[in-house]
Amino acid sequence: MVRVALLLLSGVLIASPIVAQAQDLPAGASSYAPASLPSPSLSWEARIGVGAANPGGRESGLANFSGEIATPRPFTLSDRFANAFVPRFHLGASANFNGTRFAYAGASWTIDITSKVFVEASFGAAVNDGKTGAIIPQNRLNLGCNGGTREAAALGVRLDDRWSLVATLEHFSTTGCADRGQARGPANIGARLGYSF
């Protein structure tokens with residue numbers, strides 16, 4: 001029975017191009033079709049979320065709120081591996097009620113693991129409103145300066161064609177200010193709900 005089914009399936013697969021070629025095309029239509037089209041670009045996306053501010057360090061225990069908007073890729077490549085290196089651009093902010101807040105802009109690289117699961121890496125410039133003076137309160141981070149970079153890593157799940165849930169670890173780096181009294185930027189962890197439009 002399995003052999004008969006395989007024989008029928010192979011016959012259908014062999015015959016389908018022959019039947020398609022035998023059909024008349026409308027006037028002015030070409031019989032040429034590209035072998036494959038590049039995968040569609042990711043669309044605009046807005047993400048909002050909540051998380052924990054700097055767990056295990058100064059400012060820990062604060063609820064952190066974040067928002068971000070991401071652009072589509074400026075272009076797509078037909079090769080799936082090469083396409084992963086084409087970034088999306090983002091603009092966002094991370095805030096809480098009694099700690100360091102920052103705004104950022106940069107690039108994100110999204111890589112699909114499956115049709116539903118993806119990973120993401122982000123890098124960009126950021127500014128903060130944190131403490132930078134000679135006297136820093138015990139419950140606040142010593143940032144050293146109000147400029148730096150933001151790095152982030154994320155694991156996401158697409159809930160459907162519009163919605164996604166993304167777990168994110170982000171860090172505001174003040175490496176250039178390290179000579180100012182052991183400066184250290186916040187590292188926040190949380191989840192964001194994304195909507196593509």
# chains A, B, ... in the order shown; residues from 1 in each chain; ligands from 1
$ residues_around --residues "range 84-97 of chain A" --least-positions-apart "3" --cutoff "7 Å" --atoms "only C-alpha atoms" --output "PyMOL selection string"
chain A and resi 62-73+80-81+101-111
$ select_by_dssp --residues "range 12-167 of chain A" --states "alpha helix (DSSP H)" --output "ChimeraX atom specification"
/A:12-22,80-83
$ write_last_selection --atoms "N, CA and C atoms" --output "compact mmCIF listing (two decimals), in the first residue's frame"
# COMPACT_ATOMS: atom_id res chain seq x y z
N VAL A 12 2.27 12.26 -9.70
CA VAL A 12 1.68 13.60 -9.64
C VAL A 12 2.77 14.67 -9.70
N LEU A 13 3.87 14.45 -8.98
CA LEU A 13 4.96 15.42 -8.98
C LEU A 13 5.61 15.55 -10.36
N ILE A 14 5.73 14.45 -11.06
CA ILE A 14 6.33 14.49 -12.40
C ILE A 14 5.37 15.14 -13.39
N ALA A 15 4.09 14.86 -13.27
CA ALA A 15 3.11 15.36 -14.24
C ALA A 15 2.76 16.83 -14.04
N SER A 16 2.86 17.35 -12.82
CA SER A 16 2.40 18.72 -12.57
C SER A 16 3.13 19.78 -13.39
N PRO A 17 4.47 19.73 -13.61
CA PRO A 17 5.10 20.73 -14.47
C PRO A 17 4.65 20.61 -15.92
N ILE A 18 4.41 19.37 -16.38
CA ILE A 18 3.99 19.16 -17.76
C ILE A 18 2.61 19.77 -17.98
N VAL A 19 1.70 19.56 -17.03
CA VAL A 19 0.35 20.12 -17.14
C VAL A 19 0.41 21.65 -17.08
N ALA A 20 1.25 22.18 -16.21
CA ALA A 20 1.37 23.64 -16.09
C ALA A 20 1.90 24.26 -17.37
N GLN A 21 2.86 23.59 -18.04
CA GLN A 21 3.42 24.13 -19.28
C GLN A 21 2.43 24.03 -20.43
N ALA A 22 1.52 23.07 -20.37
CA ALA A 22 0.57 22.87 -21.46
C ALA A 22 -0.52 23.92 -21.45
N ARG A 80 19.37 33.15 3.35
CA ARG A 80 18.86 33.30 4.71
C ARG A 80 19.97 33.64 5.71
N PHE A 81 21.13 33.03 5.56
CA PHE A 81 22.24 33.29 6.49
C PHE A 81 22.74 34.73 6.33
N ALA A 82 22.96 35.16 5.09
CA ALA A 82 23.44 36.52 4.85
C ALA A 82 22.41 37.56 5.28
N ASN A 83 21.13 37.24 5.11
CA ASN A 83 20.06 38.16 5.47
C ASN A 83 20.04 38.47 6.97
$ residues_around --residues "range 168-174 of chain A" --least-positions-apart "3" --cutoff "7 Å" --atoms "only C-alpha atoms" --output "PyMOL selection string"
chain A and resi 143+148-155+177-178+183-191
$ closest_residue --among "A:Ser164, A:Asn142, A:Ser122, A:Ser43" --to "Thr76 in chain A" --atoms "only C-alpha atoms"
A:Ser43
